[in-house]
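*Asks:* Submitted below is the structure of interest, expressed as structure tokens.
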Amino acid sequence: MPASPAAADRARVLLRELGAADLAHPGGTLVAHLQRVQGQLAVWGARPTLQVAGLCHACYGTDGFPTALLSPDSRAELAEVIGAEAEAIVYLYASCDRKATYPTLADADGAFRNRFTGRLHTPEPQLRRDFAELSAANELDLARVDSAFREEWGTELLALFSRFRPLLSRPAWSDCRTVLAAGAR
């Protein structure tokens, strides 16, 4: 099911207004990457809310891409455009301290460390699944468009997504094995 056309259209307008079409990113521009991530989530059958979150996942920057289009203090502005649930996924994704969070993300009681506040919390199971699926779509896009990235990080990412496997949809896990195994050789 494709993302809500109205929310996705509003998000694309906002992304362009914020300069995402002018920011270089592997595979072209940041907006191109964001659209590919949204498209990947759609192919995997992600619900529309997660697809829209995928389109906006880098709005606050991430632990791996520090360039922010919006301050985390602007959460209400993004929520007005894409909806509160999609914005909450975007914020969770952006706030992740990967080093502290990744080792136990698949554990029901695993702590999630917010890199903006330093606080620990335990996201609900649906948010954990959303986070894992979005993480896979993001990293697989980078691995597909940049063979050097895939060769350098493929083995490590395959190990990561193997740990995340209980949180991933069947199509996401299948793509993780297919795309990242090429970098593991």
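Residue numbering restarts at 1 in every chain; chains get A, B, ... in the order shown in the structure tokens, and ligands count up from 1 in that same order.
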Quick one: pick out all strand (DSSP E) residues within segment 7-92 of chain A from a backbone DSSP run and write them as a list in words.

*Replies:*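 Here are the strand (DSSP E) residues of segment 7-92 of chain A: Ala24, His25, Gly28 and Thr29 of chain A.
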
*Asks:* Using DSSP on the backbone coordinates, identify all residues within segment 29-140 of chain A classified as alpha helix (DSSP H); present the result as an NGL selection string.

*Replies:* :A and (30-43 or 48-56 or 75-82 or 84-95 or 98-101 or 125-140)

*Asks:* Give me, as a ChimeraX atom specification, all polymer residues having an atom no more than 12 Å from segment 170-172 of chain A, counting only C-alpha atoms and skipping those fewer than 3 positions away in the same chain.

*Replies:* /A:37,40-46,129-130,132-141,158,161-162,164-167,175-180

*Asks:* Quote the spacing between atom CA of Arg119 of chain A and atom CA of Asp97 of chain A in Å to one decimal place.

*Replies:* 10.1 Å

*Asks:* Env of segment 50-55 of chain A: 6 Å cut, atoms = only C-alpha atoms, seq-sep filter 6 positions within chain, self excluded. Answer as a compact mmCIF listing (two decimals) with N, CA and C atoms, in the first residue's frame.

*Replies:*
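So the final result, stored in around10.txt, reads:
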```txt
# COMPACT_ATOMS: atom_id res chain seq x y z
N ALA A 3 2.23 5.17 0.38
CA ALA A 3 2.07 6.19 1.42
C ALA A 3 0.87 7.07 1.09
N ALA A 8 2.57 12.44 1.78
CA ALA A 8 3.82 12.32 1.02
C ALA A 8 4.07 13.56 0.16
N LEU A 34 16.00 9.90 0.10
CA LEU A 34 14.78 9.80 0.92
C LEU A 34 13.64 9.18 0.12
N GLN A 35 13.52 9.55 -1.14
CA GLN A 35 12.47 8.98 -1.99
C GLN A 35 12.72 7.49 -2.26
N VAL A 37 14.26 5.44 -0.19
CA VAL A 37 13.94 4.74 1.06
C VAL A 37 12.43 4.57 1.18
N GLN A 38 11.69 5.62 0.91
CA GLN A 38 10.22 5.51 0.94
C GLN A 38 9.76 4.42 -0.04
N LEU A 41 10.45 0.90 1.26
CA LEU A 41 9.47 0.52 2.29
C LEU A 41 8.13 0.13 1.64
N ALA A 86 3.94 9.36 12.29
CA ALA A 86 5.10 9.32 11.39
C ALA A 86 6.24 10.16 11.96
N VAL A 90 10.21 9.26 12.87
CA VAL A 90 11.34 10.06 12.41
C VAL A 90 12.21 10.49 13.59
```

*Asks:* Restricting the calculation to only C-alpha atoms: of A:Val81, A:Thr62, A:Ala24, A:Asp73, which residue gets closest to Arg12 of chain A?

*Replies:*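 Closest to Arg12 of chain A, using only C-alpha atoms: A:Val81.
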
*Asks:* Just want the 10 Å neighbourhood of Gly110 of chain A, counted on only C-alpha atoms, with same-chain residues fewer than 2 positions away dropped. Output as number ranges by chain.

*Replies:* A: 101-108, 112-113, 120-123, 128
